[in-house]
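Content type compact mmCIF, C-alpha atoms, from the file target-v5.txt:
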```txt
# COMPACT_ATOMS: atom_id res chain seq x y z
CA MET A 9 78.79 86.72 69.15
CA THR A 10 80.55 83.44 69.01
CA ALA A 11 81.07 81.17 71.91
CA ILE A 12 83.29 78.22 72.40
CA THR A 13 81.19 75.64 74.11
CA GLY A 14 83.10 72.70 75.40
CA PHE A 15 86.35 74.64 75.35
CA PRO A 16 88.59 72.79 77.78
CA MET A 17 89.85 75.80 79.71
CA PRO A 18 87.25 77.56 81.86
CA GLU A 19 88.21 80.88 83.43
CA GLN A 20 90.99 80.46 85.94
CA GLN A 21 92.08 82.64 88.83
CA LEU A 22 95.49 84.16 89.14
CA PRO A 23 97.17 82.60 92.22
CA ALA A 24 96.49 84.73 95.28
CA GLN A 25 100.03 85.51 96.40
CA TYR A 26 101.14 86.36 92.89
CA ARG A 27 98.06 88.49 92.38
CA ALA A 28 98.65 90.46 95.56
CA ALA A 29 102.28 91.13 94.71
CA LEU A 30 101.53 92.12 91.13
CA ARG A 31 98.64 94.34 92.18
CA SER A 32 100.82 96.13 94.69
CA MET A 33 103.68 96.56 92.28
CA LEU A 34 101.41 97.98 89.60
CA SER A 35 99.78 100.36 92.06
CA GLU A 36 103.15 101.66 93.15
CA LEU A 37 104.27 102.02 89.57
CA VAL A 38 101.19 104.05 88.75
CA VAL A 39 101.60 106.24 91.81
CA THR A 40 105.23 106.90 90.96
CA GLU A 41 104.98 107.31 87.21
CA GLY A 42 101.55 108.89 87.15
CA LYS A 43 102.79 111.60 89.48
CA ALA A 44 105.90 111.98 87.39
CA VAL A 45 103.81 112.62 84.31
CA SER A 46 102.04 115.48 85.97
CA ARG A 47 105.16 117.25 87.22
CA PRO A 48 108.46 118.01 85.55
CA ARG A 49 111.34 115.74 86.53
CA THR A 50 113.86 118.38 87.39
CA ARG A 51 114.92 117.06 90.77
CA PRO A 52 116.80 113.84 91.33
CA ARG A 53 114.68 111.09 92.83
CA ARG A 54 115.35 110.45 96.47
CA ARG A 55 115.25 107.10 98.14
CA TYR A 56 113.32 108.39 101.06
CA VAL A 57 110.70 111.03 100.85
CA LEU A 58 109.74 112.82 103.97
CA ALA A 59 106.31 114.10 103.33
CA SER A 60 106.67 117.10 105.55
CA ALA A 61 109.72 118.33 103.71
CA ALA A 62 107.99 118.01 100.40
CA THR A 63 104.95 119.90 101.55
CA ALA A 64 106.47 122.67 103.60
CA VAL A 65 104.40 125.81 103.61
CA VAL A 66 105.00 129.28 104.85
CA VAL A 67 102.38 130.37 107.31
CA GLY A 68 101.96 133.81 108.77
CA ALA A 69 101.50 134.32 112.48
CA GLY A 70 97.76 134.78 112.05
CA GLY A 71 97.47 131.45 110.33
CA ALA A 72 99.37 129.48 112.93
CA PHE A 73 96.34 127.85 114.46
CA ALA A 74 94.86 126.86 111.13
CA TYR A 75 98.21 125.46 110.07
CA SER A 76 98.56 123.32 113.15
CA ALA A 77 95.13 121.85 112.55
CA LEU A 78 95.45 121.30 108.85
CA ARG A 79 99.14 120.80 108.20
CA PRO A 80 100.01 117.69 106.24
CA SER A 81 102.56 116.42 108.74
CA ARG A 82 102.84 115.94 112.47
CA PRO A 83 105.30 114.47 114.94
CA VAL A 84 105.49 110.85 115.96
CA THR A 85 104.25 110.76 119.55
CA ASP A 86 104.30 107.01 120.25
CA LYS A 87 107.87 105.83 119.84
CA SER A 88 107.40 102.33 121.25
CA ASN A 89 107.43 100.82 117.80
CA ALA A 90 106.85 101.57 114.15
CA ARG A 91 105.03 99.76 111.40
CA CYS A 92 106.62 98.78 108.10
CA TYR A 93 103.91 98.28 105.48
CA SER A 94 104.41 96.05 102.44
CA GLU A 95 101.88 97.97 100.37
CA ALA A 96 100.43 101.46 100.35
CA THR A 97 97.07 100.64 101.83
CA TYR A 98 95.73 101.63 105.19
CA ARG A 99 92.80 100.39 107.20
CA PRO A 100 92.35 101.18 110.88
CA GLY A 101 92.94 98.22 113.17
CA GLU A 102 95.59 95.82 114.33
CA ASN A 103 95.88 93.84 111.12
CA PHE A 104 97.99 95.35 108.41
CA PRO A 105 100.16 94.14 105.51
CA GLY A 106 103.73 94.22 106.79
CA THR A 107 105.44 93.95 110.13
CA THR A 108 106.29 95.91 113.24
CA VAL A 109 109.77 97.03 114.19
CA ALA A 110 110.29 97.53 117.87
CA GLU A 111 113.79 97.70 119.21
CA PRO A 112 114.72 99.82 122.17
CA ASP A 113 116.21 103.11 121.13
CA SER A 114 116.19 102.20 117.49
CA ALA A 115 112.84 102.12 115.72
CA THR A 116 112.19 105.76 116.31
CA ALA A 117 115.27 106.50 118.35
CA LYS A 118 115.69 110.09 119.46
CA GLY A 119 112.57 110.89 117.53
CA GLN A 120 114.32 110.45 114.21
CA VAL A 121 111.82 109.12 111.72
CA GLY A 122 114.79 108.42 109.46
CA VAL A 123 115.79 105.57 111.76
CA ALA A 124 112.43 103.89 111.24
CA LEU A 125 112.85 104.42 107.52
CA ASP A 126 116.26 102.76 107.70
CA HIS A 127 114.87 99.78 109.59
CA CYS A 128 112.07 99.26 107.13
CA ALA A 129 114.44 99.69 104.19
CA ALA A 130 116.63 96.99 105.70
CA LEU A 131 113.64 94.63 105.83
CA TRP A 132 112.87 95.30 102.17
CA ARG A 133 116.52 94.83 101.21
CA ALA A 134 116.62 91.48 103.00
CA GLY A 135 113.39 90.33 101.32
CA ILE A 136 111.57 90.09 104.63
CA LEU A 137 109.10 92.59 103.23
CA GLN A 138 107.99 92.06 99.66
CA PRO A 139 105.42 93.93 97.60
CA GLY A 140 101.91 93.03 98.59
CA VAL A 141 102.89 90.03 100.71
CA PRO A 142 100.80 90.55 103.82
CA THR A 143 103.23 89.14 106.39
CA ALA A 144 106.96 89.11 107.00
CA ILE A 145 108.81 86.46 105.06
CA HIS A 146 111.01 84.52 107.43
CA ASN A 147 113.26 82.71 105.00
CA PRO A 148 113.76 84.88 101.94
CA ALA A 149 116.38 83.95 99.35
CA PRO A 150 119.84 85.18 100.37
CA ILE A 151 119.99 87.95 97.80
CA GLN A 152 119.63 91.69 97.97
CA TYR A 153 116.07 92.70 97.14
CA PRO A 154 115.09 96.05 95.66
CA VAL A 155 113.98 98.72 98.09
CA PRO A 156 111.03 100.79 96.91
CA ASP A 157 110.68 104.47 97.60
CA LEU A 158 109.51 104.79 101.20
CA VAL A 159 107.50 107.45 102.90
CA ALA A 160 106.90 108.05 106.61
CA CYS A 161 103.37 108.69 107.83
CA VAL A 162 101.87 108.94 111.30
CA LEU A 163 99.10 106.61 112.39
CA PRO A 164 96.18 108.07 114.33
CA ASP A 165 97.66 106.64 117.54
CA GLY A 166 100.87 108.57 116.99
CA ARG A 167 103.11 105.75 115.79
CA ALA A 168 105.26 105.97 112.67
CA ALA A 169 104.16 103.93 109.67
CA ILE A 170 106.49 103.47 106.74
CA PHE A 171 104.78 102.81 103.42
CA PRO A 172 106.14 102.14 99.94
CA GLY A 173 105.33 105.29 98.04
CA LEU A 174 106.15 108.91 97.46
CA ALA A 175 105.11 112.25 98.80
CA GLY A 176 101.36 112.33 98.60
CA THR A 177 100.95 108.72 99.69
CA CYS A 178 100.15 109.67 103.28
CA GLN A 179 97.52 112.12 102.16
CA ARG A 180 96.06 109.60 99.74
CA LEU A 181 95.77 107.10 102.59
CA GLY A 182 94.10 109.64 104.82
CA LEU A 183 97.13 109.97 107.09
CA GLN A 184 99.49 112.78 107.94
CA GLY A 185 103.13 112.71 107.01
CA ALA A 186 105.71 112.32 109.75
CA ASP A 187 107.89 115.22 110.74
CA PRO A 188 111.43 114.18 109.90
CA ALA A 189 112.75 114.97 113.36
CA THR A 190 110.32 114.55 116.18
CA PRO A 191 111.41 116.10 119.46
CA SER A 192 111.95 113.59 122.23
CA MET B 16 86.77 94.06 95.70
CA ASP B 17 85.87 96.87 93.32
CA ALA B 18 86.82 99.89 95.40
CA PHE B 19 85.17 102.32 93.01
CA GLY B 20 81.97 100.37 92.50
CA PRO B 21 80.55 99.20 89.21
CA GLY B 22 79.44 102.73 88.35
CA LYS B 23 82.92 103.77 87.27
CA THR B 24 83.99 102.58 83.87
CA ASP B 25 87.52 101.42 83.17
CA GLU B 26 87.96 104.51 81.07
CA GLU B 27 87.14 106.78 83.99
CA LEU B 28 89.46 104.82 86.25
CA TRP B 29 92.19 104.95 83.65
CA LEU B 30 92.11 108.73 83.59
CA ARG B 31 92.56 108.73 87.35
CA ALA B 32 95.36 106.17 87.12
CA ARG B 33 97.25 108.37 84.70
CA GLU B 34 97.14 111.09 87.33
CA GLY B 35 98.86 108.74 89.75
CA ASP B 36 95.89 107.03 91.39
CA GLY B 37 97.21 103.55 92.11
CA GLN B 38 93.89 102.37 93.53
CA ALA B 39 92.15 103.20 90.27
CA PHE B 40 94.62 101.10 88.33
CA ALA B 41 94.34 98.32 90.91
CA THR B 42 90.57 98.28 90.36
CA VAL B 43 91.02 97.83 86.62
CA PHE B 44 93.48 95.06 87.43
CA ASP B 45 90.99 93.39 89.78
CA ARG B 46 88.31 93.47 87.12
CA HIS B 47 90.32 91.87 84.35
CA SER B 48 93.38 90.06 85.67
CA ASP B 49 91.68 86.66 85.75
CA ALA B 50 90.40 87.09 82.21
CA VAL B 51 93.89 88.03 81.04
CA PHE B 52 95.42 85.11 82.92
CA THR B 53 92.90 82.69 81.41
CA HIS B 54 93.50 84.13 77.98
CA CYS B 55 97.23 83.44 78.33
CA LEU B 56 96.49 79.87 79.40
CA ARG B 57 94.19 79.39 76.43
CA ARG B 58 96.95 80.67 74.19
CA GLY B 59 98.96 77.69 75.36
CA ALA B 60 101.10 79.19 78.11
CA SER B 61 102.01 77.03 81.09
CA TRP B 62 100.52 77.92 84.46
CA ALA B 63 103.74 79.70 85.46
CA ASP B 64 104.26 81.43 82.11
CA ALA B 65 100.67 82.66 82.11
CA GLN B 66 101.31 84.43 85.42
CA ASP B 67 104.36 86.19 84.01
CA GLN B 68 102.49 87.05 80.86
CA THR B 69 99.67 88.56 82.91
CA SER B 70 102.24 90.81 84.57
CA MET B 71 103.66 91.78 81.22
CA VAL B 72 100.22 92.57 79.84
CA PHE B 73 99.51 95.10 82.56
CA LEU B 74 103.02 96.54 82.49
CA GLU B 75 102.86 96.90 78.71
CA THR B 76 99.41 98.45 78.90
CA TRP B 77 100.68 100.99 81.40
CA ARG B 78 103.82 101.68 79.36
CA LYS B 79 101.64 102.51 76.37
CA ALA B 80 98.94 104.12 78.45
CA GLY B 81 98.18 106.74 75.84
CA THR B 82 97.26 104.19 73.19
CA LEU B 83 94.70 102.23 75.18
CA ARG B 84 91.46 101.88 73.27
CA PHE B 85 88.27 101.34 75.26
CA VAL B 86 85.21 99.53 73.99
CA GLU B 87 82.10 100.94 75.60
CA GLY B 88 84.22 102.05 78.52
CA SER B 89 85.83 98.65 79.04
CA ALA B 90 89.56 97.95 78.88
CA ARG B 91 89.11 94.18 78.57
CA PRO B 92 89.18 93.91 74.76
CA TRP B 93 92.39 95.93 74.67
CA LEU B 94 93.98 93.90 77.47
CA LEU B 95 93.18 90.68 75.62
CA LEU B 96 94.72 92.12 72.47
CA VAL B 97 97.86 93.04 74.41
CA ALA B 98 97.83 89.53 75.90
CA THR B 99 97.76 88.08 72.40
CA ASN B 100 100.77 90.19 71.45
CA VAL B 101 102.65 89.38 74.64
CA ALA B 102 102.07 85.66 74.10
CA ARG B 103 103.36 86.02 70.56
CA ASN B 104 106.44 87.95 71.66
CA ASP B 105 107.02 86.30 74.99
CA ALA B 106 110.82 86.38 74.89
CA ARG B 107 110.99 90.04 73.92
CA SER B 108 108.48 91.02 76.56
CA ARG B 109 110.38 89.09 79.21
CA ARG B 110 113.56 90.96 78.40
CA ARG B 111 111.77 94.27 78.60
CA TYR B 112 110.13 93.56 81.94
CA ALA B 113 112.73 91.27 83.53
CA GLN B 114 113.44 93.69 86.34
CA ALA B 115 109.79 94.09 87.25
CA ILE B 116 109.09 90.36 87.09
CA ALA B 117 112.08 89.74 89.36
CA ARG B 118 110.34 91.78 92.04
CA LEU B 119 107.39 89.39 92.06
CA PRO B 120 107.28 86.09 93.91
CA PRO B 121 108.19 83.10 91.75
CA ALA B 122 105.25 82.10 89.60
CA GLU B 123 103.57 78.97 90.86
CA SER B 124 104.13 76.03 88.59
CA GLU B 125 100.81 74.35 89.36
CA PRO B 126 97.32 75.56 90.21
CA ASP B 127 96.89 76.07 93.93
CA ILE B 128 93.34 74.84 93.65
CA ALA B 129 93.17 71.68 91.62
CA ASP B 130 90.92 72.13 88.66
CA GLU B 131 89.89 69.10 86.71
CA ALA B 132 89.93 70.96 83.44
CA VAL B 133 93.43 72.22 84.07
CA ARG B 134 94.80 69.02 85.52
CA SER B 135 93.50 66.80 82.78
CA ALA B 136 96.36 65.85 80.51
CA GLU B 137 93.88 65.39 77.71
CA SER B 138 92.55 68.87 78.21
CA ARG B 139 96.01 70.40 78.36
CA GLU B 140 97.00 68.58 75.22
CA ALA B 141 93.91 69.82 73.41
CA THR B 142 94.58 73.39 74.53
CA ALA B 143 98.18 73.16 73.40
CA ARG B 144 97.15 71.67 70.06
CA LEU B 145 94.65 74.43 69.42
CA ALA B 146 97.11 77.12 70.55
CA GLU B 147 99.76 75.79 68.23
CA ALA B 148 97.33 75.68 65.35
CA ILE B 149 96.25 79.26 66.03
CA SER B 150 99.91 80.32 66.11
CA SER B 151 100.32 79.04 62.58
CA LEU B 152 97.69 81.46 61.28
CA ARG B 153 98.45 84.86 59.87
CA ARG B 154 98.87 87.45 62.54
CA THR B 155 95.68 89.25 61.61
CA GLU B 156 93.78 85.98 61.78
CA GLN B 157 95.36 85.08 65.10
CA ASP B 158 94.10 88.34 66.54
CA VAL B 159 90.47 87.79 65.61
CA VAL B 160 90.51 84.14 66.66
CA ALA B 161 92.13 85.03 69.97
CA LEU B 162 89.68 87.84 70.68
CA CYS B 163 86.46 86.25 69.47
CA HIS B 164 87.00 82.63 70.42
CA LEU B 165 89.52 82.56 73.22
CA GLY B 166 88.46 85.90 74.68
CA ASP B 167 84.73 85.55 74.03
CA LEU B 168 84.45 89.02 72.54
CA SER B 169 81.66 89.86 70.13
CA TYR B 170 82.54 90.57 66.51
CA ALA B 171 81.63 94.19 67.08
CA ASP B 172 83.89 94.55 70.09
CA ALA B 173 86.76 92.82 68.32
CA ALA B 174 86.26 95.07 65.32
CA GLU B 175 86.34 98.17 67.47
CA VAL B 176 89.45 97.29 69.40
CA LEU B 177 91.26 96.22 66.23
CA GLY B 178 90.05 99.28 64.37
CA ILE B 179 88.61 97.29 61.47
CA PRO B 180 85.08 96.78 60.09
CA VAL B 181 82.94 93.98 61.46
CA GLY B 182 82.82 92.44 58.00
CA THR B 183 86.61 92.14 58.05
CA VAL B 184 86.44 90.34 61.38
CA ARG B 185 83.99 87.87 59.85
CA SER B 186 86.05 87.26 56.75
CA ARG B 187 89.24 86.77 58.75
CA LEU B 188 87.48 84.33 61.02
CA SER B 189 86.16 82.46 58.03
CA ARG B 190 89.64 82.12 56.58
CA ALA B 191 91.04 81.16 59.95
CA ARG B 192 88.42 78.46 60.36
CA LYS B 193 89.28 76.92 57.03
CA ARG B 194 92.95 76.88 57.96
CA LEU B 195 92.25 75.34 61.32
CA LEU B 196 90.06 72.72 59.69
CA GLN B 197 93.02 71.76 57.56
CA ILE B 198 95.35 71.61 60.54
CA LEU B 199 93.13 70.05 63.19
CA GLY B 200 90.63 68.10 61.14
CA PRO B 201 86.83 68.36 61.07
CA GLY B 202 86.38 66.68 64.42
CA GLN B 203 88.03 69.57 66.21
CA VAL B 204 86.50 72.49 64.38
CA GLU B 205 82.78 72.41 63.91
CA GLY B 206 80.65 74.96 62.19
CA SER B 207 77.06 74.62 63.20
CA GLY B 208 75.74 78.11 62.81
CA PRO B 209 73.49 79.29 60.01
CA ASP B 210 76.48 81.14 58.60
CA ASP B 211 79.29 78.78 57.89
CA SER B 212 81.76 81.50 58.76
CA GLU B 213 80.73 81.32 62.38
CA TRP B 214 81.69 78.72 64.86
CA ASP B 215 79.48 77.62 67.63
CA SER B 216 81.89 75.15 68.99
CA VAL B 217 85.45 74.21 68.77
CA ALA B 218 85.49 70.75 70.16
CA ALA B 219 89.05 70.92 71.26
CA SER B 220 88.66 68.64 74.22
CA GLY B 221 89.77 65.62 72.26
CA GLY B 222 86.36 64.10 72.61
CA GLY B 223 85.42 65.50 69.24
CA GLN B 224 87.84 63.26 67.41
CA PRO B 225 86.16 61.18 64.72
```
Would you give me this structure, written as structure tokens?
Amino acid sequence: MTAITGFPMPEQQLPAQYRAALRSMLSELVVTEGKAVSRPRTRPRRRYVLASAATAVVVGAGGAFAYSALRPSRPVTDKSNARCYSEATYRPGENFPGTTVAEPDSATAKGQVGVALDHCAALWRAGILQPGVPTAIHNPAPIQYPVPDLVACVLPDGRAAIFPGLAGTCQRLGLQGADPATPS
Amino acid sequence: MDAFGPGKTDEELWLRAREGDGQAFATVFDRHSDAVFTHCLRRGASWADAQDQTSMVFLETWRKAGTLRFVEGSARPWLLLVATNVARNDARSRRRYAQAIARLPPAESEPDIADEAVRSAESREATARLAEAISSLRRTEQDVVALCHLGDLSYADAAEVLGIPVGTVRSRLSRARKRLLQILGPGQVEGSGPDDSEWDSVAASGGGQP
């Protein structure tokens, strides 16, 4: 073992904001490409993935109760606002990486989760949400930012939460996917 | 910070990552990103370039996920080897990963926490001088110098990740030391071990000047 004593450069730390963004981007890449490796790419990739559509199952009448308890998706019941997450992590509580969208009759208008997806996508496109940055960015550069794949989940309190990720993200986070059209 | 705990090796996490487990990959990243970043700085990259190079190291490692070679379950030797290659082929790597890098916030041009060793112009100059001297070595010699001296790997670990015998690591280091002695002068490269082929210090701080 050799050691460089007196070497002028001790171990340094990657700057925090850069680290968070890189970490998030790599995680998303792995989720996307790792999944792709394990399944054939026969279908075109979709911008938005509604978890419930991707995990639809056929359940007989006798299994209806079990299905309702265990199904991977459920409706959004609290339509007062929706959360747009900047990274695919979830911890219970008020603090989360991202921002809340709450506009009357828009965030989850008419129970359409797609509207919340559109709102969050708009925030990504404008650079207000960026990978791994924990809060909304108020003065992003005036360019069009890339929009990651987004997936709609339902928080335990019934609100919609839009994460960067693909089908399977909600389950991985311990959440249920959002039904694409929630009855009013 | 380590979501999987120290009980899981990088190799185990890597298998999970290849199945699409982003958290597993993030844990490997958490364990080694600072070491990779420091390695890039020691190779002479600026503070901002070292951030980009760190990104490229992990992107490149993922792109060639099937080739990753672990040393006793650790990915660090391999990551440092990839970092050495990325530093050597910075322009090519930037072209390859331009789109991904564009998604990241602009790399900071200065340390956010002032560090005397980083701020010192003398220290920076010494690092740059050593990095330039290392760059003039043969590629095979650069690799062993970068791994053993900049990356603090043992000869055995360097040998394993490079896929060469330990004796070859020693002989390459010996040749590299002689070359660096010629370039930097005896005040900057000191051999003080029982075996002249080993270094115990590279007094690259500038204070070792005769």
### Task
Find the spatial neighbours of stretch 91-105 of chain B, counting all atoms listed in the file, within a cut-off of 9 Å - ignore same-chain residues fewer than 5 positions away - and output them as a ChimeraX atom specification.
/B:25,46-47,50-52,54-55,58-60,65,68-69,71-73,75-76,83-86,110,150,157-158,161-162,166,168,172-173,175-177
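Considering the residues A:Ala96, A:Cys128, A:Ala160, A:Val84 and counting all atoms listed in the file, chain B has its shortest atom-to-atom contact with A:Ala96.
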### Proximity to A:Glu95 - best of A:Ser81, A:Gln184, A:Ser32, A:Thr108, only C-alpha atoms
A:Ser32
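Take atom CA of B:Ala63 and atom CA of A:Ala129: the distance between them is 29.4 Å.
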